[in-house]
file data_27.txt (compact mmCIF, C-alpha atoms and all ligand atoms)
# COMPACT_ATOMS: atom_id res chain seq x y z
CA MET M 10 14.03 -11.31 24.49
CA LYS M 11 11.42 -9.66 22.32
CA LYS M 12 11.03 -5.94 22.88
CA PRO M 13 7.48 -4.57 22.57
CA ILE M 14 6.93 -1.56 20.28
CA LEU M 15 5.39 0.43 23.16
CA THR M 16 6.63 1.03 26.69
CA LEU M 17 4.08 0.73 29.49
CA GLU M 18 4.10 4.50 29.86
CA LYS M 19 3.46 5.12 26.16
CA ALA M 20 0.74 2.46 26.07
CA ARG M 21 -1.04 4.05 29.05
CA GLU M 22 -0.95 7.42 27.36
CA ILE M 23 -2.38 5.98 24.09
CA ILE M 24 -5.12 4.08 25.89
CA LYS M 25 -6.58 7.36 27.17
CA THR M 26 -7.57 8.10 23.55
CA TYR M 27 -7.72 4.62 22.03
CA PRO M 28 -8.77 1.90 24.47
CA THR M 29 -7.49 -1.64 23.96
CA PRO M 30 -7.62 -3.81 21.99
CA PHE M 31 -5.73 -2.18 19.12
CA TYR M 32 -2.97 -2.94 16.65
CA VAL M 33 0.13 -0.78 16.65
CA TYR M 34 2.68 -0.67 13.81
CA ASP M 35 6.20 0.70 13.94
CA GLU M 36 6.84 2.93 10.90
CA LYS M 37 10.55 3.33 11.50
CA ALA M 38 11.14 -0.42 11.75
CA ILE M 39 9.03 -1.12 8.65
CA ARG M 40 11.06 1.40 6.64
CA GLN M 41 14.42 0.10 7.92
CA ASN M 42 13.50 -3.49 7.09
CA ILE M 43 12.28 -2.82 3.55
CA ARG M 44 15.36 -0.68 2.82
CA GLU M 45 17.62 -3.50 3.95
CA TYR M 46 15.61 -6.03 1.95
CA ARG M 47 15.82 -4.03 -1.28
CA ASP M 48 19.49 -3.35 -0.68
CA ALA M 49 20.11 -7.09 -0.45
CA TRP M 50 18.87 -7.41 -4.05
CA SER M 51 20.79 -4.47 -5.49
CA TRP M 52 22.76 -6.88 -7.73
CA ASN M 53 19.58 -7.49 -9.77
CA LYS M 54 18.86 -4.38 -11.82
CA GLY M 55 15.12 -4.82 -12.23
CA PHE M 56 14.42 -6.25 -8.78
CA LYS M 57 10.94 -5.48 -7.43
CA GLU M 58 9.11 -6.45 -4.26
CA TYR M 59 5.34 -6.58 -4.69
CA PHE M 60 3.91 -6.43 -1.17
CA ALA M 61 1.24 -9.12 -0.67
CA VAL M 62 -1.75 -6.92 0.14
CA LYS M 63 -3.62 -9.79 1.78
CA ALA M 64 -1.04 -9.79 4.59
CA ASN M 65 -1.91 -6.26 5.63
CA PRO M 66 -4.35 -4.24 3.53
CA ASN M 67 -4.01 -1.00 5.49
CA PRO M 68 -3.60 1.80 2.90
CA VAL M 69 -1.40 3.94 5.17
CA LEU M 70 1.08 1.09 5.57
CA ILE M 71 0.96 0.26 1.86
CA LYS M 72 1.63 3.94 1.09
CA ILE M 73 4.79 3.71 3.22
CA LEU M 74 5.90 0.65 1.25
CA GLN M 75 5.10 2.46 -1.99
CA GLU M 76 7.39 5.31 -0.91
CA GLU M 77 10.07 2.66 -0.34
CA GLY M 78 9.77 1.39 -3.91
CA CYS M 79 7.39 -1.54 -3.54
CA GLY M 80 4.53 -2.55 -5.79
CA THR M 81 1.47 -4.53 -4.73
CA ASP M 82 0.60 -8.18 -5.13
CA CYS M 83 -3.17 -8.56 -5.39
CA SER M 84 -5.55 -11.48 -5.66
CA SER M 85 -8.99 -9.94 -5.40
CA TYR M 86 -11.17 -7.13 -6.71
CA THR M 87 -10.86 -5.02 -3.56
CA GLU M 88 -7.09 -5.44 -3.38
CA LEU M 89 -6.94 -4.10 -6.93
CA MET M 90 -9.21 -1.20 -5.88
CA LEU M 91 -6.90 -0.42 -2.98
CA SER M 92 -3.90 -0.43 -5.32
CA GLU M 93 -5.62 1.81 -7.83
CA ALA M 94 -6.71 4.25 -5.11
CA LEU M 95 -3.10 4.55 -3.93
CA GLY M 96 -1.89 5.28 -7.45
CA PHE M 97 -0.34 1.92 -8.31
CA LYS M 98 -0.72 1.01 -11.95
CA ASN M 99 0.77 -1.07 -14.77
CA LYS M 100 3.92 -2.90 -13.68
CA ASP M 101 3.48 -1.69 -10.08
CA ILE M 102 0.78 -4.34 -9.65
CA PHE M 103 1.16 -8.11 -9.80
CA PHE M 104 -2.13 -9.97 -9.99
CA SER M 105 -1.48 -13.43 -8.51
CA SER M 106 -4.95 -14.87 -8.05
CA ASN M 107 -6.48 -18.32 -8.33
CA GLU M 108 -9.99 -19.51 -9.23
CA THR M 109 -10.34 -15.98 -10.57
CA PRO M 110 -13.72 -14.46 -11.49
CA ALA M 111 -13.91 -12.80 -14.92
CA ALA M 112 -14.56 -9.36 -13.41
CA GLU M 113 -11.21 -9.51 -11.58
CA PHE M 114 -9.24 -10.39 -14.71
CA LYS M 115 -10.98 -7.55 -16.55
CA TYR M 116 -10.10 -5.09 -13.80
CA ALA M 117 -6.48 -6.26 -13.60
CA LYS M 118 -6.15 -5.97 -17.38
CA LYS M 119 -7.68 -2.47 -17.31
CA LEU M 120 -5.10 -1.38 -14.70
CA GLY M 121 -2.32 -2.83 -16.85
CA ALA M 122 -1.30 -5.14 -13.98
CA ARG M 123 1.13 -8.01 -14.58
CA ILE M 124 -1.19 -11.00 -14.69
CA ASN M 125 -0.10 -14.33 -13.23
CA LEU M 126 -2.22 -17.29 -14.34
CA ASP M 127 -2.84 -20.15 -11.93
CA ASP M 128 -4.13 -22.74 -14.38
CA PHE M 129 -3.85 -23.88 -17.99
CA THR M 130 -7.58 -23.31 -18.59
CA HIS M 131 -7.23 -19.69 -17.49
CA ILE M 132 -5.40 -18.87 -20.73
CA LYS M 133 -8.61 -19.33 -22.69
CA PHE M 134 -10.68 -17.83 -19.87
CA LEU M 135 -8.56 -14.66 -19.77
CA GLU M 136 -8.50 -14.40 -23.55
CA GLU M 137 -12.29 -14.58 -23.68
CA CYS M 138 -13.10 -12.26 -20.79
CA ALA M 139 -10.41 -9.59 -21.07
CA GLY M 140 -8.12 -10.38 -23.99
CA LEU M 141 -4.48 -11.41 -23.62
CA PRO M 142 -1.98 -8.75 -22.50
CA GLU M 143 1.50 -8.41 -24.03
CA GLU M 144 3.11 -9.96 -20.99
CA ILE M 145 2.02 -12.97 -18.96
CA CYS M 146 3.34 -14.89 -15.99
CA LEU M 147 2.46 -18.53 -15.31
CA ARG M 148 2.41 -20.12 -11.87
CA PHE M 149 4.36 -23.37 -11.69
CA ASN M 150 3.65 -26.30 -9.37
CA PRO M 151 6.52 -28.80 -9.53
CA GLY M 152 4.61 -31.46 -7.57
CA ASP M 153 6.82 -33.78 -5.58
CA ASN M 154 9.96 -32.59 -7.35
CA PHE M 155 10.44 -30.02 -4.62
CA LYS M 156 11.03 -30.89 -1.00
CA ILE M 157 11.36 -28.39 1.79
CA SER M 158 9.38 -28.78 4.92
CA THR M 159 7.38 -26.06 6.70
CA ALA M 160 4.22 -26.11 8.74
CA ILE M 161 1.82 -24.30 6.43
CA MET M 162 2.25 -25.54 2.87
CA ASP M 163 4.87 -28.17 2.30
CA HIS M 164 3.64 -30.69 -0.24
CA PRO M 165 3.26 -28.95 -3.62
CA GLU M 166 1.56 -32.07 -4.99
CA ASP M 167 -1.25 -31.50 -2.50
CA ALA M 168 -1.52 -27.78 -3.24
CA LYS M 169 -4.32 -26.51 -5.47
CA TYR M 170 -2.07 -23.99 -7.23
CA GLY M 171 -0.23 -23.76 -10.48
CA PHE M 172 0.56 -25.51 -13.77
CA THR M 173 2.38 -28.83 -14.09
CA PHE M 174 5.61 -28.72 -16.10
CA GLN M 175 3.95 -30.05 -19.26
CA GLN M 176 1.12 -27.53 -18.93
CA LEU M 177 3.71 -24.78 -18.53
CA VAL M 178 5.43 -25.79 -21.78
CA ASP M 179 2.12 -26.04 -23.65
CA GLY M 180 0.83 -22.83 -22.08
CA PHE M 181 3.83 -20.72 -23.07
CA LYS M 182 3.75 -22.11 -26.62
CA ILE M 183 0.06 -21.23 -26.99
CA LEU M 184 0.61 -17.75 -25.55
CA LYS M 185 3.55 -17.18 -27.89
CA SER M 186 1.49 -18.28 -30.89
CA LYS M 187 -1.20 -15.81 -29.86
CA GLY M 188 1.25 -12.92 -29.86
CA VAL M 189 2.14 -12.57 -26.17
CA LYS M 190 5.62 -11.02 -26.09
CA ARG M 191 7.06 -11.35 -22.59
CA PHE M 192 6.92 -14.29 -20.20
CA GLY M 193 7.47 -14.85 -16.51
CA ILE M 194 7.42 -17.81 -14.13
CA HIS M 195 5.99 -17.67 -10.61
CA SER M 196 5.99 -20.28 -7.88
CA PHE M 197 5.07 -20.32 -4.20
CA LEU M 198 5.91 -23.55 -2.42
CA ALA M 199 6.50 -22.80 1.24
CA SER M 200 5.14 -20.36 3.77
CA ASN M 201 6.82 -18.87 6.84
CA CYS M 202 10.10 -20.49 5.92
CA LEU M 203 13.16 -19.49 7.99
CA ASN M 204 15.36 -21.82 5.96
CA GLU M 205 17.68 -19.50 4.02
CA ASN M 206 17.92 -22.07 1.28
CA TYR M 207 14.26 -21.81 0.24
CA TYR M 208 14.52 -18.96 -2.28
CA PRO M 209 17.86 -20.21 -3.68
CA SER M 210 16.47 -23.73 -4.25
CA LEU M 211 13.24 -22.40 -5.69
CA ALA M 212 15.16 -20.03 -7.97
CA GLY M 213 17.44 -22.88 -9.07
CA LEU M 214 14.43 -24.97 -10.01
CA LEU M 215 12.68 -22.14 -11.90
CA PHE M 216 15.89 -21.12 -13.69
CA LYS M 217 16.39 -24.69 -14.93
CA VAL M 218 12.81 -24.78 -16.17
CA ALA M 219 13.44 -21.50 -18.03
CA VAL M 220 16.60 -22.84 -19.66
CA GLU M 221 14.70 -25.91 -20.83
CA LEU M 222 11.89 -23.70 -22.16
CA LYS M 223 14.43 -21.68 -24.10
CA GLU M 224 16.54 -24.51 -25.43
CA SER M 225 13.86 -27.11 -26.18
CA HIS M 226 10.76 -25.01 -26.82
CA GLY M 227 11.94 -21.62 -28.05
CA VAL M 228 10.25 -19.68 -25.23
CA GLU M 229 12.31 -16.93 -23.54
CA VAL M 230 11.37 -16.04 -19.99
CA SER M 231 12.34 -12.53 -18.92
CA PHE M 232 11.27 -12.41 -15.27
CA PHE M 233 10.76 -14.64 -12.26
CA ASN M 234 8.50 -14.11 -9.27
CA LEU M 235 9.74 -16.06 -6.25
CA SER M 236 6.51 -15.07 -4.49
CA GLY M 237 6.17 -15.02 -0.69
CA GLY M 238 7.32 -17.36 1.99
CA ILE M 239 10.30 -15.95 3.86
CA GLY M 240 9.48 -16.53 7.52
CA ILE M 241 9.88 -14.43 10.63
CA PRO M 242 11.15 -15.42 14.08
CA TYR M 243 7.88 -15.83 15.98
CA ARG M 244 9.61 -17.60 18.86
CA PRO M 245 12.30 -15.89 20.93
CA GLU M 246 14.73 -18.70 20.06
CA ASP M 247 14.14 -18.36 16.27
CA LYS M 248 16.74 -16.55 14.19
CA LYS M 249 15.83 -13.83 11.68
CA ALA M 250 16.46 -14.98 8.11
CA ASP M 251 19.49 -13.25 6.60
CA VAL M 252 18.22 -11.66 3.39
CA TYR M 253 21.75 -10.95 2.14
CA LYS M 254 22.51 -14.69 2.36
CA ILE M 255 19.22 -15.54 0.66
CA SER M 256 19.81 -13.06 -2.14
CA ALA M 257 23.41 -14.24 -2.59
CA GLY M 258 22.10 -17.81 -2.94
CA VAL M 259 19.74 -16.71 -5.72
CA LYS M 260 22.56 -14.76 -7.41
CA LYS M 261 24.72 -17.88 -7.40
CA ALA M 262 21.96 -19.90 -9.10
CA TYR M 263 21.48 -17.04 -11.59
CA GLU M 264 25.16 -17.06 -12.47
CA GLU M 265 25.41 -20.84 -12.65
CA ILE M 266 22.21 -21.58 -14.56
CA LEU M 267 20.93 -18.52 -16.46
CA LEU M 268 24.14 -16.77 -17.58
CA PRO M 269 25.67 -19.85 -19.31
CA ALA M 270 22.38 -20.23 -21.21
CA GLY M 271 22.74 -16.66 -22.49
CA MET M 272 19.93 -15.35 -20.27
CA LYS M 273 20.93 -11.99 -18.83
CA ASP M 274 19.06 -8.88 -17.66
CA ILE M 275 16.49 -11.15 -16.11
CA GLN M 276 14.26 -9.50 -13.52
CA ILE M 277 13.74 -11.08 -10.11
CA CYS M 278 10.53 -10.22 -8.26
CA THR M 279 9.19 -11.28 -4.89
CA GLU M 280 5.77 -10.84 -3.32
CA LEU M 281 6.45 -11.15 0.37
CA GLY M 282 3.89 -10.23 2.99
CA ARG M 283 4.88 -11.67 6.35
CA TYR M 284 8.57 -10.73 6.14
CA ILE M 285 7.78 -7.12 5.27
CA THR M 286 5.36 -6.15 8.06
CA GLY M 287 4.97 -9.18 10.35
CA PRO M 288 7.48 -8.33 13.12
CA TYR M 289 6.54 -4.64 13.13
CA GLY M 290 2.91 -4.90 14.22
CA GLU M 291 1.53 -5.99 17.59
CA LEU M 292 -1.90 -6.55 19.10
CA VAL M 293 -2.21 -4.72 22.41
CA VAL M 294 -4.82 -6.06 24.84
CA THR M 295 -5.81 -5.73 28.50
CA ALA M 296 -6.27 -8.57 30.99
CA ILE M 297 -9.90 -8.34 32.15
CA HIS M 298 -10.45 -11.69 33.89
CA GLU M 299 -8.55 -14.38 35.72
CA LYS M 300 -10.10 -17.82 36.03
CA ASN M 301 -8.69 -20.82 37.88
CA ILE M 302 -10.26 -24.24 37.20
CA TYR M 303 -8.28 -27.23 35.96
CA LYS M 304 -5.93 -24.71 34.41
CA ASN M 305 -5.25 -21.03 35.01
CA TYR M 306 -6.70 -18.65 32.45
CA ILE M 307 -6.17 -14.98 31.76
CA GLY M 308 -9.07 -13.54 29.77
CA VAL M 309 -8.24 -10.53 27.62
CA ASP M 310 -10.40 -7.95 25.83
CA ALA M 311 -9.54 -9.27 22.35
CA CYS M 312 -10.33 -12.61 20.71
CA ALA M 313 -9.57 -14.68 17.60
CA VAL M 314 -11.59 -12.16 15.59
CA ASN M 315 -8.69 -9.76 16.13
CA LEU M 316 -5.90 -12.31 15.65
CA MET M 317 -6.87 -15.64 14.20
CA ARG M 318 -3.54 -17.39 13.63
CA PRO M 319 -3.37 -19.17 17.01
CA ALA M 320 -6.93 -20.49 16.63
CA MET M 321 -6.44 -21.39 12.98
CA TYR M 322 -2.96 -22.93 12.91
CA ARG M 323 -2.11 -23.15 16.62
CA ALA M 324 0.48 -20.55 15.66
CA TYR M 325 2.83 -19.23 18.32
CA HIS M 326 2.69 -15.53 19.13
CA HIS M 327 5.01 -14.36 21.85
CA VAL M 328 3.32 -12.55 24.74
CA SER M 329 4.82 -9.73 26.81
CA VAL M 330 3.29 -8.11 29.87
CA LEU M 331 4.12 -4.41 29.72
CA GLY M 332 6.12 -3.21 32.70
CA LYS M 333 6.97 -6.81 33.63
CA GLU M 334 9.42 -7.49 30.78
CA THR M 335 12.15 -8.53 33.20
CA ALA M 336 9.97 -10.12 35.92
CA PRO M 337 10.43 -13.88 36.41
CA ALA M 338 8.07 -15.93 34.23
CA ASP M 339 7.02 -18.11 37.16
CA ARG M 340 3.34 -18.66 36.31
CA ILE M 341 1.74 -20.83 33.66
CA TYR M 342 -1.35 -19.45 31.95
CA ASP M 343 -3.60 -19.95 28.98
CA VAL M 344 -4.27 -16.47 27.58
CA VAL M 345 -7.73 -16.60 26.04
CA GLY M 346 -10.29 -14.53 24.18
CA SER M 347 -14.06 -14.36 24.55
CA LEU M 348 -15.34 -16.41 21.60
CA CYS M 349 -17.65 -19.35 22.32
CA GLU M 350 -15.02 -21.55 20.67
CA ASN M 351 -12.51 -23.48 22.71
CA ASN M 352 -9.75 -22.78 20.19
CA ASP M 353 -9.85 -19.07 21.07
CA LYS M 354 -6.54 -19.20 22.92
CA PHE M 355 -3.73 -16.77 22.18
CA ALA M 356 -1.30 -18.80 24.27
CA ILE M 357 -1.48 -22.24 25.85
CA ASP M 358 0.57 -23.31 28.90
CA ARG M 359 2.68 -20.19 28.54
CA SER M 360 5.23 -19.24 31.21
CA LEU M 361 4.55 -15.62 32.09
CA PRO M 362 5.04 -13.30 35.03
CA LYS M 363 2.11 -13.00 37.45
CA ILE M 364 -0.63 -11.13 35.62
CA ASN M 365 -3.03 -8.79 37.40
CA ILE M 366 -6.38 -7.61 36.08
CA GLY M 367 -5.70 -4.40 34.16
CA ASP M 368 -2.24 -5.44 32.99
CA ILE M 369 -1.51 -4.61 29.37
CA LEU M 370 -0.38 -7.56 27.25
CA VAL M 371 1.28 -7.47 23.86
CA LEU M 372 0.92 -10.20 21.22
CA HIS M 373 4.04 -9.91 19.12
CA ASP M 374 4.62 -10.38 15.39
CA ALA M 375 1.04 -9.72 14.35
CA GLY M 376 1.82 -7.20 11.61
CA ALA M 377 1.03 -9.63 8.78
CA HIS M 378 -1.89 -12.04 8.48
CA GLY M 379 -3.10 -10.55 11.78
CA TYR M 380 -5.79 -7.88 11.50
CA ALA M 381 -6.25 -8.91 7.87
CA MET M 382 -7.49 -12.42 8.65
CA GLY M 383 -10.12 -11.10 11.05
CA TYR M 384 -13.75 -12.00 10.79
CA ASN M 385 -16.88 -11.23 12.79
CA TYR M 386 -17.76 -14.53 14.42
CA ASN M 387 -19.94 -14.23 17.53
CA GLY M 388 -20.75 -10.71 16.38
CA LYS M 389 -17.38 -9.56 17.69
CA LEU M 390 -16.02 -6.39 16.15
CA LYS M 391 -12.60 -5.67 14.71
CA CYS M 392 -10.34 -3.29 16.60
CA ALA M 393 -8.52 -0.11 15.61
CA GLU M 394 -5.09 0.11 13.98
CA LEU M 395 -2.53 2.72 15.06
CA LEU M 396 0.75 3.81 13.55
CA LEU M 397 3.69 4.78 15.74
CA LYS M 398 5.30 7.32 13.45
CA GLU M 399 8.99 8.03 13.09
CA ASN M 400 8.64 11.20 15.19
CA GLY M 401 7.02 9.25 18.05
CA ASP M 402 3.46 10.47 17.38
CA VAL M 403 0.63 7.98 17.19
CA GLU M 404 -1.86 8.16 14.32
CA LEU M 405 -5.16 6.32 13.97
CA ILE M 406 -4.91 4.47 10.63
CA ARG M 407 -8.16 2.51 10.92
CA ARG M 408 -10.93 3.13 13.41
CA LYS M 409 -12.47 0.24 15.30
CA GLU M 410 -15.68 -1.29 13.99
CA THR M 411 -18.99 -0.21 15.46
CA PRO M 412 -22.22 -2.20 15.73
CA GLN M 413 -23.48 -0.11 12.78
CA ASP M 414 -20.65 -1.53 10.65
CA TYR M 415 -21.64 -5.03 11.67
CA PHE M 416 -25.28 -4.46 10.75
CA ALA M 417 -24.56 -2.43 7.59
CA THR M 418 -25.31 -5.29 5.19
CA ILE M 419 -28.80 -5.77 6.59
CA ASP M 420 -29.70 -2.11 6.37
CA PHE M 421 -33.09 -2.95 4.84
CA LEU M 422 -34.11 -3.79 8.42
CA ASN M 423 -34.45 -0.39 9.97
CA VAL M 424 -34.18 -1.70 13.54
CA PHE M 425 -30.39 -1.48 13.68
CA LYS M 426 -30.17 2.06 12.41
CA LYS M 427 -29.30 4.88 14.73
C1 LIG M 501 -0.01 -15.30 0.76
C2 LIG M 501 0.70 -15.03 -0.50
C3 LIG M 501 1.88 -14.27 -0.51
C4 LIG M 501 2.54 -13.76 0.73
O1 LIG M 501 2.96 -14.77 1.55
P1 LIG M 501 3.85 -14.49 2.86
O2 LIG M 501 3.93 -15.82 3.52
O3 LIG M 501 3.09 -13.48 3.66
O4 LIG M 501 5.16 -13.97 2.42
C5 LIG M 501 2.45 -14.00 -1.73
N1 LIG M 501 1.91 -14.45 -2.89
C6 LIG M 501 0.78 -15.17 -2.92
C7 LIG M 501 0.23 -15.61 -4.23
C8 LIG M 501 0.14 -15.51 -1.72
O5 LIG M 501 -0.96 -16.25 -1.76

call {"tool": "encode", "arguments": {"input": "data_27.txt", "output": "structure tokens"}}
result
Amino acid sequence: MKKPILTLEKAREIIKTYPTPFYVYDEKAIRQNIREYRDAWSWNKGFKEYFAVKANPNPVLIKILQEEGCGTDCSSYTELMLSEALGFKNKDIFFSSNETPAAEFKYAKKLGARINLDDFTHIKFLEECAGLPEEICLRFNPGDNFKISTAIMDHPEDAKYGFTFQQLVDGFKILKSKGVKRFGIHSFLASNCLNENYYPSLAGLLFKVAVELKESHGVEVSFFNLSGGIGIPYRPEDKKADVYKISAGVKKAYEEILLPAGMKDIQICTELGRYITGPYGELVVTAIHEKNIYKNYIGVDACAVNLMRPAMYRAYHHVSVLGKETAPADRIYDVVGSLCENNDKFAIDRSLPKINIGDILVLHDAGAHGYAMGYNYNGKLKCAELLLKENGDVELIRRKETPQDYFATIDFLNVFKK
């Protein structure tokens, strides 16, 4: 059974100040999880997790992760701005972008970020717009040489990202000839993967590539970025990935492939998003309508603008009804939002206890790729974000949008001004 972050009593108290819908994040659980994650990698001296800002760009949460030793993984101008504002610089920032505008490369270079190139042609592009840094990482796409199946991105040969093997060889040689001193390899081949073998197989593949680069092409790689992709148990029957097992699998590949080739003191990096904050954030909503036609619907006061994953990928988010956690789930509902889009359904044919108007519902595991993916379709506004602190206090960490926010970009029309 999934336990909501808030009890019914606590939620009712919060709602007096902050009406639903809102996101709530659990600071204590976020800190515990990242500590465990980093501990699992303690065998690798230089290990660093760069939190994927796109998964949850709330500065208060990123500050917490910074205190726990994380850097940031950015792929846009504003993500770099956020990192700079929080005091991240140099090797604290990994810039893993694609189809990158010149202004973003310039900014990343100015911050001293570790730059990860997505394509062979970006070597020349970066050199011309910002100059080459001393250290560069290249993103590898092995094509159909890598098989592991997940729902979101499972066929590297169909993915738009990365260099082919030959481009990687040529790219590193060119960079070396131009005076670049340190090299890294990055690859991201699966998303939301609960298979504990994903990082170990990916690492094995990248380590072999590095050995070949060293032995056949004279290029020495000094760090690897295994990127994101560790999944979270969205469904009650899913099992949490064991990060100690995952890390031990990577260590084994390190010892079997890199050490015999004389490659030691190699840094392992990751840039997880989902695994770091996903389970520790929830969208809290209120049931405002019940509708019975060919199916039974519960209408809530949030919509896909607040949490898009179900509409976008038909993703499963577990639903709890506060105060009815142990009641029999003897009804079947679609839990829906208010968009004029028939895919705006948080849950379809879901077994739930009887829901009354005014009941508070929790959409679990929305702490990553939740608020962040929001948009403003139908003129709907994004909700507030709250932090449940370690001492039990609740802090507003992002206010909800107002109509003035929505109209801010057409401020030359005075009609929407207050
Ligand atoms: C999305 C993304 C991540 C994070 O992915 P998760 O599935 O949240 O772990 C990391 N790196 C890059 C380049 C990404 O695009």

call {"tool": "residues_near_point", "arguments": {"input": "data_27.txt", "point": "(2.7, -14.0, -16.6)", "cutoff": "7 Å", "atoms": "only C-alpha atoms", "output": "PyMOL selection string"}}
result
chain M and resi 123-126+144-147+192-194

call {"tool": "closest_atom_pairs", "arguments": {"input": "data_27.txt", "of": "chain M", "to": "ligand LIG 501 (chain M)", "cutoff": "7 Å", "atoms": "only C-alpha atoms and all ligand atoms", "output": "tab-separated table"}}
result
residue	atom	partner	partner_atom	distance
M:Ala61	CA	M:LIG501	C4	5.0
M:Lys63	CA	M:LIG501	C1	6.7
M:Ala64	CA	M:LIG501	O3	5.6
M:Asp82	CA	M:LIG501	N1	6.8
M:Ser105	CA	M:LIG501	C7	5.1
M:Ser106	CA	M:LIG501	C7	6.5
M:Phe197	CA	M:LIG501	C7	6.8
M:Ser200	CA	M:LIG501	O2	4.7
M:Asn201	CA	M:LIG501	O2	5.4
M:Ser236	CA	M:LIG501	N1	4.9
M:Gly237	CA	M:LIG501	O4	3.4
M:Gly238	CA	M:LIG501	O2	4.0
M:Ile239	CA	M:LIG501	O4	5.7
M:Gly240	CA	M:LIG501	O2	6.9
M:Glu280	CA	M:LIG501	C5	4.9
M:Leu281	CA	M:LIG501	O4	3.7
M:Gly282	CA	M:LIG501	O3	3.4
M:Arg283	CA	M:LIG501	O3	3.7
M:Tyr284	CA	M:LIG501	O4	6.0
M:Ala377	CA	M:LIG501	O3	6.7

call {"tool": "residues_around", "arguments": {"input": "data_27.txt", "residues": "M:Asn365", "least_positions_apart": "4", "cutoff": "10 Å", "atoms": "all atoms listed in the file", "output": "number ranges by chain"}}
result
M: 295-299, 307, 330, 369

call {"tool": "write_last_selection", "arguments": {"input": "data_27.txt", "atoms": "C-alpha atoms", "output": "PDB file, keeping the file's coordinate frame"}}
result
ATOM      1  CA  THR M 295      -5.810  -5.730  28.500  1.00  0.00           C
ATOM      2  CA  ALA M 296      -6.270  -8.570  30.990  1.00  0.00           C
ATOM      3  CA  ILE M 297      -9.900  -8.340  32.150  1.00  0.00           C
ATOM      4  CA  HIS M 298     -10.450 -11.690  33.890  1.00  0.00           C
ATOM      5  CA  GLU M 299      -8.550 -14.380  35.720  1.00  0.00           C
ATOM      6  CA  ILE M 307      -6.170 -14.980  31.760  1.00  0.00           C
ATOM      7  CA  VAL M 330       3.290  -8.110  29.870  1.00  0.00           C
ATOM      8  CA  ILE M 369      -1.510  -4.610  29.370  1.00  0.00           C
TER       9      ILE M 369
END

call {"tool": "residues_around", "arguments": {"input": "data_27.txt", "residues": "M:Leu141", "least_positions_apart": "6", "cutoff": "10 Å", "atoms": "only C-alpha atoms", "output": "count of residues only"}}
result
10

call {"tool": "atom_distance", "arguments": {"input": "data_27.txt", "atom1": "atom CA of M:Val178", "atom2": "atom CA of M:Glu229"}}
result
11.4 Å

call {"tool": "atom_distance", "arguments": {"input": "data_27.txt", "atom1": "atom CA of M:Glu76", "atom2": "atom CA of M:Lys54"}}
result
18.6 Å

call {"tool": "residues_around", "arguments": {"input": "data_27.txt", "residues": "M:Ile24", "least_positions_apart": "5", "cutoff": "12 Å", "atoms": "only C-alpha atoms", "output": "ChimeraX atom specification"}}
result
/M:15,17-19,29-33,293-295,367,369,393,395,403

call {"tool": "atom_distance", "arguments": {"input": "data_27.txt", "atom1": "atom CA of M:Ala117", "atom2": "atom CA of M:Phe60"}}
result
16.2 Å

call {"tool": "axis_aligned_box", "arguments": {"input": "data_27.txt", "around": "stretch 128-135 of chain M", "padding_each_side": "6 Å", "output": "lines of an AutoDock Vina configuration file"}}
result
center_x = -7.3
center_y = -19.3
center_z = -18.5
size_x = 18.8
size_y = 21.2
size_z = 20.3

call {"tool": "closest_residue", "arguments": {"input": "data_27.txt", "among": "M:Gly287, M:Lys25, M:Leu348, M:Pro362", "to": "M:Thr335", "atoms": "all atoms listed in the file"}}
result
M:Pro362

call {"tool": "closest_residue", "arguments": {"input": "data_27.txt", "among": "M:Val328, M:Asp127, M:Glu93, M:Glu137", "to": "M:Ala111", "atoms": "all atoms listed in the file"}}
result
M:Glu137

call {"tool": "closest_residue", "arguments": {"input": "data_27.txt", "among": "M:Ala20, M:Leu372, M:Leu91, M:Ala250", "to": "M:Glu205", "atoms": "only C-alpha atoms"}}
result
M:Ala250
